[in-house]
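A.B. asks: Take a look at the following structure, please.
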Number of protein chains: 2
Amino acid sequence: MARLRPDQIAASLRRAVRERVLAPGEALNQDELARRFGVSRIPLREALRTLVGEGLIIMQPGLGAVVTELQAAEVNELYGLRLSLEPGLALPVTTNVRRADIDQLAGMVAEMQALGAHQSEEWSNLNYAFKRRLYELSDQRHVVRLVVQVLNLVEPYARVHAHVLGSRTQLQEQREAMVAALRADDPAALEQEIRQAILRAQATLIDAMNEAPSPHDDHQDPLLRR
Amino acid sequence: MARLRPDQIAASLRRAVRERVLAPGEALNQDELARRFGVSRIPLREALRTLVGEGLIIMQPGLGAVVTELQAAEVNELYGLRLSLEPGLALPVTTNVRRADIDQLAGMVAEMQALGAHQSEEWSNLNYAFKRRLYELSDQRHVVRLVVQVLNLVEPYARVHAHVLGSRTQLQEQREAMVAALRADDPAALEQEIRQAILRAQATLIDAMNEAPSPHDDHQDPLLRR
DNA sequence: GCTGGATTCGGTGTATACACGTCCCGGGGA
DNA sequence: TCCCCGGGACGTGTATACACCGAATCCAGC
């Protein structure tokens with residue numbers, strides 16, 4: 001097996017952040033990560049710097065790298081970005097999409113539906129893959145690049161609340177509606193579905209975050225410890 | 001003088017790309033750059049990787065780093081992104097802005113007006129700084145991060161055509177109108193000015209790029225050499 | 001017992017050194 | 001003349017080694 005290059009390491013790290021294998025606020029030990037990837041710290045650090053450019057981690061001199069941690073207000077802001085960016089992709093997606101692409105997306109939705117209630121990891125992975133694949137059909141490299149950046153940032157937070165089954169079945173219905181819109185070649189319907197899905201996710205996620213803020217927040221105020 | 005850290009090097013490189021000191025398509029010699037910054041290639045390469053994450057350069061294994069080069073269609077796409085992102089900042093900017101901020105922005109506009117016709121470098125620098133400062137007032141970190149990424153990408157192309165004096169004076173009037181909107185606490189007016197400024201820049205730039213494509217494009221087709 | 005400060009240790013940051021890949025050029029052959 | 005191949009030089013990519021910094025620990029003093 002060829003030695004991993006920084007781009008591949010970065011891809012792996014992105015995935016780890018998305019799936020909360022590396023949780024928000026977690027400090028990253030470079031020696032350990034480098035050992036896991038089977039490389040020295042040089043290419044690992046280069047991969048980390050790429051993630052810095054994407055906002056996924058922050059590095060401070062002497063303190064190393066930490067996975068970006070978001071406040072509820074920031075997650076809300078990022079959902080605002082999703083609303084600004086993603087609905088606009090509906091039109092180019094519908095014009096570019098081929099039958100085979102639609103079938104592939106439909107297959108992913110079917111896979112999601114086949115998953116049991118306890119398999120929320122796999123479900124979230126498929127859900128993420130669906131969005132990404134859908135948008136990549138737009139052929140708008142730069143928009144997709146930014147959208148993916150935003151999706152990667154919020155994914156660790158969206159994922160925590162993916163086990164809420166109510167939103168899960170509803171989102172699945174929305175995914176089906178998106179596939180149907182593609183089949184009907186109806187960009188306006190697709191755009192509406194995208195917008196609705198984001199709005200719903202935003203509402204439930206922000207509510208949940210305000211009810212139960214991230215565990216780390218307590219450290220901010222030592223007086224709050226009971 | 002303390003040894004430069006990767007973040008600072010990255011900032012310097014960003015500026016160099018924006019100002020076309022490092023032109024689109026240009027290959028970057030790591031030894032030379034490292035020597036200029038007075039560091040080894042390690043921190044330089046880390047800075048380069050950060051720019052990769054921001055889309056400003058691309059690195060290919062064995063081939064090193066090259067400044068991102070855009071087709072006219074891509075520039076157009078990026079202006080679409082500006083239209084999606086920047087007008088929405090008008091409201092938060094107007095709610096956060098203080099008198100001192102407005103005065104500072106007004107000062108920058110005055111500086112721009114004081115510049116002679118031949119000082120298009122300085123004018124472009126101020127023009128960029130104005131936009132960035134204005135948006136930073138919005139206090140929306142993530143939106144601003146993405147907007148700055150987009151601005152940095154298109155700036156080398158916008159800059160080539162900044163010497164067109166007609167658009168320069170018109171843009172200056174729009175900048176004044178933005179300051180006036182801030183003074184009048186009129187977010188709708190500011191939003192309109194932002195949108196108009198982007199639309200105008202998009203139109204003139206795309207026209208110019210289609211008339212006279214980038215010099216490098218000829219290399220794509222060796223038959224075109226006369 | 002508690003506090004303040006030196007000390008040690010783990011970890012980060014970077015210079016050096018070296019292996020490798022790519023490109024260019026020159027020579028030989030068709 | 002043109003093409004192809006081999007060697008060399010340049011430049012990139014990364015492992016190693018070391019200097020430095022910050023945090024936790026331990027001890028002395030109060």
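Letters A, B, ... go to the chains of the structure tokens in the order shown; residues in each chain start at 1; ligands are counted from 1 in the same order.
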Quick one: which residues from chain C are at most 8 Å off chain A, using only C-alpha atoms (C1' of nucleotides), as a list in words?
C.D. replies: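 Within 8 Å of chain A on chain C, we get DG11, DT12 and DG13 of chain C.
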A.B. asks: Please dump the current selection as a PDB file, in the first residue's frame; keep C-alpha atoms (C1' of nucleotides).
C.D. replies:
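Result saved to out_9.pdb:
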```pdb
ATOM      1  C1'  DG C  11       3.939  17.746  22.788  1.00  0.00           C
ATOM      2  C1'  DT C  12       4.418  21.158  19.320  1.00  0.00           C
ATOM      3  C1'  DG C  13       7.202  23.750  15.689  1.00  0.00           C
TER       4       DG C  13
END
```
A.B. asks: Which residues of chain B sit at most 9 Å from chain A, using only C-alpha atoms? Give each one's shortest atom pair and distance in Å (one decimal place), in chain and ascending residue order, as CSV.
C.D. replies:
```
residue,atom,partner,partner_atom,distance
B:Arg5,CA,A:Pro61,CA,8.2
B:Ile42,CA,A:Ile42,CA,7.8
B:Arg45,CA,A:Glu46,CA,7.3
B:Glu46,CA,A:Glu46,CA,5.3
B:Ala47,CA,A:Arg49,CA,7.3
B:Leu48,CA,A:Arg49,CA,8.5
B:Arg49,CA,A:Thr50,CA,5.0
B:Thr50,CA,A:Gly53,CA,4.5
B:Leu51,CA,A:Gly53,CA,6.3
B:Val52,CA,A:Thr50,CA,6.2
B:Gly53,CA,A:Gly53,CA,4.3
B:Glu54,CA,A:Gly53,CA,5.2
B:Gly55,CA,A:Gly53,CA,8.6
B:Pro61,CA,A:Arg5,CA,8.1
B:Glu74,CA,A:His142,CA,7.6
B:Glu77,CA,A:Gln140,CA,7.2
B:Leu78,CA,A:His142,CA,6.9
B:Gly80,CA,A:Val143,CA,8.9
B:Leu81,CA,A:Val143,CA,6.9
B:Ser84,CA,A:Ser84,CA,5.8
B:Leu85,CA,A:Ser84,CA,6.7
B:Gly88,CA,A:Ser84,CA,8.8
B:Gln140,CA,A:Glu77,CA,7.2
B:Arg141,CA,A:Glu74,CA,8.2
B:His142,CA,A:Leu78,CA,6.9
B:Val143,CA,A:Leu81,CA,6.9
B:Arg145,CA,A:Gly55,CA,8.6
B:Leu146,CA,A:Leu146,CA,7.2
B:Val150,CA,A:His142,CA,8.7
```
A.B. asks: Quick one: of A:Ser138, A:Ser167, A:Asn125, A:Gln104, who's nearest to A:Pro187, counting only C-alpha atoms?
C.D. replies: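 Checking each candidate against A:Pro187, we get A:Ser138 as the closest.
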A.B. asks: Per residue of chain D within 12 Å of chain A, what are the shortest atom pair and its distance in Å to one decimal, counting only C-alpha atoms (C1' of nucleotides), with rows by chain and residue number, as a Markdown table?
C.D. replies:
```
| residue | atom | partner | partner_atom | distance |
| --- | --- | --- | --- | --- |
| D:DG13 | C1' | A:Pro43 | CA | 8.5 |
| D:DT14 | C1' | A:Ile42 | CA | 6.6 |
| D:DA15 | C1' | A:Ser40 | CA | 6.4 |
| D:DT16 | C1' | A:Ser40 | CA | 9.2 |
| D:DC20 | C1' | A:Gly62 | CA | 9.3 |
| D:DC21 | C1' | A:Gly62 | CA | 6.3 |
| D:DG22 | C1' | A:Gly62 | CA | 7.2 |
| D:DA23 | C1' | A:Leu63 | CA | 10.6 |
```
A.B. asks: Save the residues we just selected, N, CA and C atoms (P, O5', C5', C4', C3', O3' and C1' of nucleotides), as a PDB file, in the first residue's frame?
C.D. replies:
```pdb
ATOM      1  P    DG D  13       5.030  18.312  -3.456  1.00  0.00           P
ATOM      2  O5'  DG D  13       5.722  17.134  -2.637  1.00  0.00           O
ATOM      3  C5'  DG D  13       5.645  15.811  -3.128  1.00  0.00           C
ATOM      4  C4'  DG D  13       6.112  14.841  -2.057  1.00  0.00           C
ATOM      5  C3'  DG D  13       5.441  15.016  -0.696  1.00  0.00           C
ATOM      6  O3'  DG D  13       5.163  13.724  -0.176  1.00  0.00           O
ATOM      7  C1'  DG D  13       7.792  15.225  -0.467  1.00  0.00           C
ATOM      8  P    DT D  14       4.357  13.595   1.196  1.00  0.00           P
ATOM      9  O5'  DT D  14       5.542  13.195   2.186  1.00  0.00           O
ATOM     10  C5'  DT D  14       6.264  12.017   1.904  1.00  0.00           C
ATOM     11  C4'  DT D  14       7.400  11.855   2.891  1.00  0.00           C
ATOM     12  C3'  DT D  14       7.004  11.976   4.371  1.00  0.00           C
ATOM     13  O3'  DT D  14       7.731  10.975   5.072  1.00  0.00           O
ATOM     14  C1'  DT D  14       8.797  13.381   3.937  1.00  0.00           C
ATOM     15  P    DA D  15       6.938  10.162   6.200  1.00  0.00           P
ATOM     16  O5'  DA D  15       8.164   9.533   7.012  1.00  0.00           O
ATOM     17  C5'  DA D  15       9.197   8.859   6.306  1.00  0.00           C
ATOM     18  C4'  DA D  15      10.547   9.165   6.935  1.00  0.00           C
ATOM     19  C3'  DA D  15      10.574   9.065   8.460  1.00  0.00           C
ATOM     20  O3'  DA D  15      11.663   8.241   8.854  1.00  0.00           O
ATOM     21  C1'  DA D  15      11.458  11.160   7.753  1.00  0.00           C
ATOM     22  P    DT D  16      11.779   7.874  10.407  1.00  0.00           P
ATOM     23  O5'  DT D  16      12.899   8.879  10.933  1.00  0.00           O
ATOM     24  C5'  DT D  16      14.101   9.029  10.178  1.00  0.00           C
ATOM     25  C4'  DT D  16      14.935  10.183  10.714  1.00  0.00           C
ATOM     26  C3'  DT D  16      15.076  10.240  12.234  1.00  0.00           C
ATOM     27  O3'  DT D  16      16.466  10.271  12.559  1.00  0.00           O
ATOM     28  C1'  DT D  16      14.495  12.362  11.379  1.00  0.00           C
ATOM     29  P    DC D  20      16.081  27.025  21.676  1.00  0.00           P
ATOM     30  O5'  DC D  20      14.513  27.122  21.938  1.00  0.00           O
ATOM     31  C5'  DC D  20      13.633  27.284  20.839  1.00  0.00           C
ATOM     32  C4'  DC D  20      12.220  26.970  21.283  1.00  0.00           C
ATOM     33  C3'  DC D  20      11.838  27.568  22.644  1.00  0.00           C
ATOM     34  O3'  DC D  20      10.657  28.316  22.490  1.00  0.00           O
ATOM     35  C1'  DC D  20      11.220  25.291  22.522  1.00  0.00           C
ATOM     36  P    DC D  21      10.334  29.478  23.560  1.00  0.00           P
ATOM     37  O5'  DC D  21       8.778  29.263  23.785  1.00  0.00           O
ATOM     38  C5'  DC D  21       8.001  28.606  22.781  1.00  0.00           C
ATOM     39  C4'  DC D  21       6.931  27.755  23.445  1.00  0.00           C
ATOM     40  C3'  DC D  21       6.449  28.292  24.794  1.00  0.00           C
ATOM     41  O3'  DC D  21       5.045  28.325  24.789  1.00  0.00           O
ATOM     42  C1'  DC D  21       6.975  26.013  24.977  1.00  0.00           C
ATOM     43  P    DG D  22       4.282  29.328  25.803  1.00  0.00           P
ATOM     44  O5'  DG D  22       3.032  28.452  26.234  1.00  0.00           O
ATOM     45  C5'  DG D  22       2.600  27.390  25.412  1.00  0.00           C
ATOM     46  C4'  DG D  22       2.121  26.224  26.267  1.00  0.00           C
ATOM     47  C3'  DG D  22       1.464  26.599  27.596  1.00  0.00           C
ATOM     48  O3'  DG D  22       0.233  25.920  27.708  1.00  0.00           O
ATOM     49  C1'  DG D  22       3.200  25.026  27.967  1.00  0.00           C
ATOM     50  P    DA D  23      -0.710  26.116  28.952  1.00  0.00           P
ATOM     51  O5'  DA D  23      -0.583  24.712  29.721  1.00  0.00           O
ATOM     52  C5'  DA D  23      -0.797  23.507  28.985  1.00  0.00           C
ATOM     53  C4'  DA D  23      -0.555  22.309  29.892  1.00  0.00           C
ATOM     54  C3'  DA D  23      -1.243  22.386  31.254  1.00  0.00           C
ATOM     55  O3'  DA D  23      -1.715  21.092  31.612  1.00  0.00           O
ATOM     56  C1'  DA D  23       1.085  22.207  31.571  1.00  0.00           C
TER      57       DA D  23
END
```
A.B. asks: Skip stretch 90-100 of chain B itself and residues of its chain fewer than 5 positions away, then list as a list in words all residues within 9 Å of it, counting only C-alpha atoms (C1' of nucleotides).
C.D. replies: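 My reading of the contact set: Leu105, Leu134, Tyr135, Glu136, Leu137, Ser138, Asp139, Gln140, Ala181, Leu182, Arg183, Asp185, Asp186, Pro187, Ala188, Ala189, Leu190, Glu191, Gln192 and Ile194 of chain B.
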A.B. asks: How would the residues just chosen look if you wrote them out with N, CA and C atoms as a compact mmCIF listing (two decimals), in the first residue's frame?
C.D. replies:
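And here is the file that came out, selection_16.txt:
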```txt
# COMPACT_ATOMS: atom_id res chain seq x y z
N LEU B 105 -15.01 54.05 7.45
CA LEU B 105 -15.35 53.68 6.07
C LEU B 105 -15.39 54.91 5.17
N LEU B 134 -16.40 46.54 5.87
CA LEU B 134 -17.85 46.69 5.97
C LEU B 134 -18.50 45.38 6.43
N TYR B 135 -18.14 44.29 5.78
CA TYR B 135 -18.79 43.01 6.08
C TYR B 135 -18.42 42.49 7.45
N GLU B 136 -17.19 42.79 7.87
CA GLU B 136 -16.78 42.30 9.19
C GLU B 136 -17.62 42.91 10.30
N LEU B 137 -18.24 44.03 10.01
CA LEU B 137 -19.11 44.65 11.01
C LEU B 137 -20.35 43.80 11.27
N SER B 138 -20.65 42.89 10.37
CA SER B 138 -21.88 42.10 10.51
C SER B 138 -21.81 41.15 11.70
N ASP B 139 -20.57 40.84 12.12
CA ASP B 139 -20.40 39.94 13.25
C ASP B 139 -20.88 38.53 12.93
N GLN B 140 -20.91 38.20 11.66
CA GLN B 140 -21.29 36.85 11.26
C GLN B 140 -20.04 36.15 10.74
N ALA B 181 -26.14 55.21 3.39
CA ALA B 181 -27.16 54.29 3.89
C ALA B 181 -26.87 53.91 5.34
N LEU B 182 -25.59 53.74 5.64
CA LEU B 182 -25.22 53.42 7.02
C LEU B 182 -25.59 54.59 7.94
N ARG B 183 -25.26 55.79 7.49
CA ARG B 183 -25.56 56.98 8.29
C ARG B 183 -27.05 57.11 8.51
N ASP B 185 -29.08 54.73 8.61
CA ASP B 185 -29.58 53.50 9.24
C ASP B 185 -30.66 52.84 8.37
N ASP B 186 -30.33 52.68 7.10
CA ASP B 186 -31.30 52.18 6.12
C ASP B 186 -30.77 50.88 5.50
N PRO B 187 -31.08 49.75 6.13
CA PRO B 187 -30.54 48.48 5.65
C PRO B 187 -30.98 48.13 4.23
N ALA B 188 -32.22 48.47 3.89
CA ALA B 188 -32.71 48.14 2.55
C ALA B 188 -31.90 48.87 1.48
N ALA B 189 -31.61 50.13 1.75
CA ALA B 189 -30.81 50.90 0.79
C ALA B 189 -29.42 50.31 0.66
N LEU B 190 -28.82 49.96 1.79
CA LEU B 190 -27.49 49.36 1.74
C LEU B 190 -27.51 48.07 0.94
N GLU B 191 -28.52 47.25 1.21
CA GLU B 191 -28.64 45.98 0.49
C GLU B 191 -28.73 46.21 -1.01
N GLN B 192 -29.53 47.19 -1.41
CA GLN B 192 -29.65 47.48 -2.84
C GLN B 192 -28.32 47.93 -3.44
N ILE B 194 -25.31 47.20 -2.39
CA ILE B 194 -24.42 46.05 -2.47
C ILE B 194 -24.76 45.21 -3.70
```
A.B. asks: What lies within 12 Å of D:DA9 using only C-alpha atoms (C1' of nucleotides), ignoring chain neighbours under 5 positions off, as a PyMOL selection string?
C.D. replies: chain C and resi 22-25
A.B. asks: Those same residues, written as a JSON list (two decimals), in the first residue's frame with N, CA and C atoms (P, O5', C5', C4', C3', O3' and C1' of nucleotides)?
C.D. replies:
```
[["chain", "number", "residue", "atom", "x", "y", "z"],
["C", 22, "DT", "P", 6.21, 11.45, -11.54],
["C", 22, "DT", "O5'", 6.66, 12.82, -12.22],
["C", 22, "DT", "C5'", 6.63, 14.02, -11.43],
["C", 22, "DT", "C4'", 7.37, 15.12, -12.15],
["C", 22, "DT", "C3'", 7.19, 15.14, -13.67],
["C", 22, "DT", "O3'", 6.86, 16.45, -14.08],
["C", 22, "DT", "C1'", 9.49, 15.20, -13.13],
["C", 23, "DC", "P", 6.30, 16.70, -15.56],
["C", 23, "DC", "O5'", 7.46, 17.62, -16.18],
["C", 23, "DC", "C5'", 7.98, 18.69, -15.38],
["C", 23, "DC", "C4'", 9.33, 19.09, -15.92],
["C", 23, "DC", "C3'", 9.39, 19.27, -17.45],
["C", 23, "DC", "O3'", 10.01, 20.52, -17.73],
["C", 23, "DC", "C1'", 11.14, 17.86, -16.72],
["C", 24, "DC", "P", 9.92, 21.09, -19.22],
["C", 24, "DC", "O5'", 11.45, 21.14, -19.64],
["C", 24, "DC", "C5'", 12.42, 21.52, -18.67],
["C", 24, "DC", "C4'", 13.80, 21.12, -19.13],
["C", 24, "DC", "C3'", 14.04, 21.29, -20.64],
["C", 24, "DC", "O3'", 15.28, 21.93, -20.83],
["C", 24, "DC", "C1'", 14.59, 19.10, -19.98],
["C", 25, "DC", "P", 15.61, 22.65, -22.23],
["C", 25, "DC", "O5'", 16.97, 21.96, -22.64],
["C", 25, "DC", "C5'", 17.90, 21.60, -21.62],
["C", 25, "DC", "C4'", 18.74, 20.41, -22.07],
["C", 25, "DC", "C3'", 19.12, 20.44, -23.55],
["C", 25, "DC", "O3'", 20.50, 20.19, -23.66],
["C", 25, "DC", "C1'", 18.20, 18.36, -22.99]]
```
A.B. asks: Give me the residues within 9 Å of B:Glu19 as a list in words, counting only C-alpha atoms (C1' of nucleotides) and dropping any in the same chain fewer than 5 places off.
C.D. replies: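 Using only C-alpha atoms (C1' of nucleotides), the neighbours found are Arg14, Glu121, Ser124, Asn125, Glu155, Pro156 and Arg159 of chain B.
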A.B. asks: Looking at only C-alpha atoms, which of B:Leu89, B:Leu199, B:Ala16, B:Met112 is the one that sits closest to B:Val67?
C.D. replies: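 The shortest atom-to-atom distance to B:Val67 comes from B:Ala16.
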A.B. asks: Which is closer to A:Thr169 than all the others in A:Val148, A:Ala203, A:Ala184, A:Ala114, using only C-alpha atoms?
C.D. replies: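 That would be A:Ala114, the residue with the smallest distance to A:Thr169.
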A.B. asks: What does the structure give for the distance between atom CA of B:Val179 and atom CA of B:Val160, in Å to one decimal?
C.D. replies: 25.8 Å
